[in-house]
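S.K.: Right, I'll just put the structure down here and ask away after.
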Amino acid sequence: MKRFEITKKRKLNDNITWLVVYAPLVARKAKPGQFIILRTDEYGERIPLTMAGHNAEDGTIDLIYAAVGRTTMLMDQLEVGDCFADIVGPLGKPTHMEGLKKVCVVGGGTGNALAYPLATGMHDHGIEVDMIAGFKNKDLIILEEEFRAGTDHLYMVTDDGSYGEKAFTTDKLKALLEEGKEYDEIVAVGPPIMMKFVCQLAAEYNIPSVASLTAYMIDGTGMCGGCRCNIGGEDKFVCVDGPEFDGSLVDWDELIQRNAYYAEQEAEDRAHVCRLTGGVRYHD
């Protein structure tokens, strides 16, 4: 088997794909919460992806991604047997689990793909896990069976009520807290605006919160500074200090502003991916 070869490919919905990739050196040391940086080919950009799982015995890692940007759209052109140019990892700090007995993990939209390894990793560690998985509608739901098998209680909510309960993730979390549910920690994974309100709600109930942040990064070692964020008034780097931080200390307004900085360029890049050849017009 070739290094970085795709061994399995599974479509979770029209836009989200699960890949199993042969990367034995990464799989040997990977832990829940960590991520990798990959390139599709020698001309490609470097992008970070959280590992959805790993199998040290088989030498494989699991990657779940949404085809929303240039590189992830190119990844969607790859099939079983194709190889990535390179994969670096594991990077970042593993999920903190010591001393936790019961947690609630809140995932929003495509963020549920990142919430999956955290929730199931905690559950495998012996922690009781309640999972709130929120989506806009039924057609966008992913990983329901996997969450049911890998957590203690799963609460499915949709914005339009087309599946599960009609509610936002924060609505369901508040309802559980008002019912008397007690948690050692609440973990938020998803759009920054959702995580902001989840962490604020946790603070209202005096429950520690953890936010799994995503950010632009290049080298993954803290040198480029692209993933800088403000945590408690101090500069931190998602790649080496995170990706998980105390949710009550995150400067959410700055994070949201930084994450939107390249939105226009990303939209332009998406227009240059050829769905027939997978080719991209790279900028000078």
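Order determines the names: the first chain of the structure tokens is A, the second B, and so forth; residues in each chain are numbered 1 upward, and ligands are numbered 1 upward as they are shown.
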So that each row is one residue of range 31-148 of chain A with an atom at most 8 Å from range 218-239 of chain A, can you give its shortest atom pair and the distance in Å to one decimal, using only C-alpha atoms, rows by chain and rising number, as a Markdown table?
M.R.:
```
| residue | atom | partner | partner_atom | distance |
| --- | --- | --- | --- | --- |
| A:Ile37 | CA | A:Gly220 | CA | 7.3 |
| A:Arg46 | CA | A:Ile218 | CA | 6.0 |
| A:Ile47 | CA | A:Ile218 | CA | 7.1 |
| A:Leu91 | CA | A:Cys239 | CA | 6.9 |
| A:Gly92 | CA | A:Cys239 | CA | 5.3 |
```
S.K.: Could you write those residues out with N, CA and C atoms, as a PDB file, in the first residue's frame?
M.R.:
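Written out: result36.pdb:
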```
ATOM      1  N   ILE A  37      -2.196  18.338   8.444  1.00  0.00           N
ATOM      2  CA  ILE A  37      -2.169  19.285   7.333  1.00  0.00           C
ATOM      3  C   ILE A  37      -1.788  18.494   6.086  1.00  0.00           C
ATOM      4  N   ARG A  46      -1.714  24.057   1.482  1.00  0.00           N
ATOM      5  CA  ARG A  46      -1.738  23.245   2.694  1.00  0.00           C
ATOM      6  C   ARG A  46      -3.001  23.590   3.485  1.00  0.00           C
ATOM      7  N   ILE A  47      -3.800  22.586   3.812  1.00  0.00           N
ATOM      8  CA  ILE A  47      -5.005  22.841   4.598  1.00  0.00           C
ATOM      9  C   ILE A  47      -5.043  21.913   5.813  1.00  0.00           C
ATOM     10  N   LEU A  91      -0.911  17.006  14.726  1.00  0.00           N
ATOM     11  CA  LEU A  91      -0.625  18.360  15.179  1.00  0.00           C
ATOM     12  C   LEU A  91      -1.659  18.802  16.214  1.00  0.00           C
ATOM     13  N   GLY A  92      -1.301  19.809  16.994  1.00  0.00           N
ATOM     14  CA  GLY A  92      -2.215  20.326  18.004  1.00  0.00           C
ATOM     15  C   GLY A  92      -2.226  19.480  19.267  1.00  0.00           C
TER      16      GLY A  92
END
```
S.K.: Please provide the set of residues having any atom within 8 Å of Leu12 in chain A, restricted to only C-alpha atoms, with same-chain residues fewer than 3 positions apart removed, written as a count of residues only.
M.R.: 6
S.K.: As a ChimeraX atom specification, please: every residue in range 95-236 of chain A that a backbone DSSP assignment puts in alpha helix (DSSP H).
M.R.: /A:111-124,144-150,169-178,192-204
S.K.: Quick one: DSSP strand (DSSP E or B) residues in range 23-271 of chain A, as a ChimeraX atom specification?
M.R.: /A:35-39,47-55,60-66,83,86-91,102-108,128-135,153-158,165-166,185-189,209-212,228-231,234-237,244-246,250
S.K.: Please identify all polymer residues within 12 Å of Ala167 in chain A, counting only C-alpha atoms, omitting same-chain residues fewer than 2 positions from it, and present them as a list of chain:residue names.
M.R.: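 Neighbouring residues, sequence-local ones excluded: A:Gly108, A:Ile132, A:Ala133, A:Gly134, A:Phe135, A:Lys136, A:Asn137, A:Tyr155, A:Met156, A:Val157, A:Thr158, A:Asp159, A:Asp160, A:Gly161, A:Ser162, A:Tyr163, A:Gly164, A:Glu165, A:Thr169, A:Thr170, A:Asp171, A:Lys172, A:Leu173, A:Lys174, A:Ala175.
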S.K.: Hey, what's within 9 Å of range 119-122 of chain A if we count only C-alpha atoms and toss same-chain stuff fewer than 2 positions away? As a PyMOL selection string, please?
M.R.: chain A and resi 31-33+53+95-97+100+103-105+115-117+124-131+146-147+149-151+187
S.K.: Looking at A:Glu179, A:Glu57, A:Asp246, A:Glu144, which one is nearest to Ile207 in chain A, with distances taken over only C-alpha atoms?
M.R.: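 The shortest atom-to-atom distance to Ile207 in chain A comes from A:Asp246.
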